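Chemist: Quick one: the structure is below, and I'll ask about it shortly.
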Amino acid sequence: MMTVYEVEDKRFQKYGRVVKDVDFTELVAELKKVPIPQDVVYEPSVEALEKLPVADVLRDKVYGELPVQVGYCIGNNHDLNAVEYHRSSEINIAATDAILILGCQQDITEDFTYETAKMEAFRVPAGCAVELYATTLHYAPCNCGDNGFLVSVVLPKGTNTELKISHAKGEDALITAKNKWLIGHKDAGLAAGTHIGLIGENLSV
């Protein structure tokens, strides 16, 4: 099992920051209305969250007036399975305690492999929001206990939606959705066509 640090730990600073100047109370309360499924469910855009005033604050203050989508990643999970990155920061707002396993894009090799031993795990306490920088490798959150997790995910509008063209060469082969580059682990049972490039243990917390 991995050591789990707090997001207030200095180790977190190279991956992101704690968002302290935005009130997420309404968003957390709305997300808590959603039942936690047994499996991981990701919805990039959820109307009930996007109509909250905080969505406009995030658009204007955090993303410099770029259009954003507010969705969620919820369920039960203990394993890394893959890493992804975007060309933009991602905001995660925890409605329950959750654990993020994080790494750095700079450590991906020229042949697009990555050693999972380089990753670190951090607990995001309920009510806390973090910004993950564009170069931060991440994937689905993990449980911090036995009752699953509820995490809202904010990204530029259109991220993680279906591609219009296929990509097959170099880094482009990692693109599995709009603004999403993915590297999978051989033990994760991911969809055919996923680039398998994680070396080492499929980390678990």
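Here's how to read the names in the structure tokens: chain A, B, ... by the order shown, residue numbers from 1 in each chain, ligand numbers from 1 in the order shown.
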Which residues are near A:Asn76? Cut-off 7 Å, only C-alpha atoms, ignore same chain within fewer than 5 positions. Put them as number ranges by chain.
Modeler: A: 38-40, 142-143, 148-149
Chemist: With only C-alpha atoms counted and 9 Å as the cut-off, give the residues of stretch 129-205 of chain A in contact with stretch 43-51 of chain A, each with its shortest interatomic distance in Å and the pair that gives it, as a Markdown table.
Modeler:
```
| residue | atom | partner | partner_atom | distance |
| --- | --- | --- | --- | --- |
| A:Ser152 | CA | A:Leu49 | CA | 8.6 |
| A:Val153 | CA | A:Pro44 | CA | 7.3 |
| A:Val154 | CA | A:Pro44 | CA | 8.0 |
| A:Leu155 | CA | A:Pro44 | CA | 8.2 |
| A:Lys157 | CA | A:Ser45 | CA | 8.4 |
| A:Gly158 | CA | A:Pro44 | CA | 8.2 |
| A:Thr159 | CA | A:Pro44 | CA | 7.5 |
| A:Asn160 | CA | A:Pro44 | CA | 6.8 |
| A:Thr161 | CA | A:Pro44 | CA | 7.6 |
```
Chemist: Give me the residues within 6 Å of stretch 98-101 of chain A as JSON, numbers by chain, counting only C-alpha atoms and dropping any in the same chain fewer than 5 places off.
Modeler: {"A": [120, 121, 122, 123, 124, 141, 142, 143, 144, 149]}
Chemist: Please produce a file of those selected residues containing N, CA and C atoms, as a CSV table (one decimal), in the first residue's frame.
Modeler:
```csv
chain,number,residue,atom,x,y,z
A,120,GLU,N,2.9,9.6,-6.3
A,120,GLU,CA,2.6,9.8,-4.9
A,120,GLU,C,1.1,10.0,-4.7
A,121,ALA,N,0.7,9.6,-3.5
A,121,ALA,CA,-0.8,9.7,-3.2
A,121,ALA,C,-1.1,10.8,-2.2
A,122,PHE,N,-2.2,11.4,-2.4
A,122,PHE,CA,-2.6,12.5,-1.6
A,122,PHE,C,-4.1,12.5,-1.2
A,123,ARG,N,-4.4,12.7,0.0
A,123,ARG,CA,-5.8,12.8,0.5
A,123,ARG,C,-6.4,14.2,0.3
A,124,VAL,N,-7.5,14.2,-0.4
A,124,VAL,CA,-8.3,15.5,-0.5
A,124,VAL,C,-9.5,15.4,0.4
A,141,PRO,N,-10.1,9.1,-9.0
A,141,PRO,CA,-9.8,9.1,-7.6
A,141,PRO,C,-10.0,7.8,-7.0
A,142,CYS,N,-9.5,7.6,-5.8
A,142,CYS,CA,-9.6,6.3,-5.0
A,142,CYS,C,-10.3,6.6,-3.7
A,143,ASN,N,-10.9,5.5,-3.2
A,143,ASN,CA,-11.6,5.5,-1.9
A,143,ASN,C,-10.6,6.0,-0.8
A,144,CYS,N,-11.2,6.7,0.2
A,144,CYS,CA,-10.4,7.0,1.4
A,144,CYS,C,-10.9,6.1,2.6
A,149,PHE,N,-16.4,7.4,-3.1
A,149,PHE,CA,-16.0,8.8,-3.2
A,149,PHE,C,-16.9,9.6,-4.2
```
Chemist: Quick one: pick out all strand (DSSP E or B) residues within stretch 15-92 of chain A from a backbone DSSP run and write them as JSON, numbers by chain.
Modeler: {"A": [16, 17, 18, 41, 42, 43, 68, 69, 70, 71, 72, 73, 74, 75, 79, 82, 83, 84, 85, 90, 91, 92]}
Chemist: Calculated over only C-alpha atoms, which of the candidates A:Val130, A:Thr113, A:His138, A:Lys186 has the smallest distance to A:Glu171?
Modeler: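 Selected residue with least distance to A:Glu171: A:Thr113.
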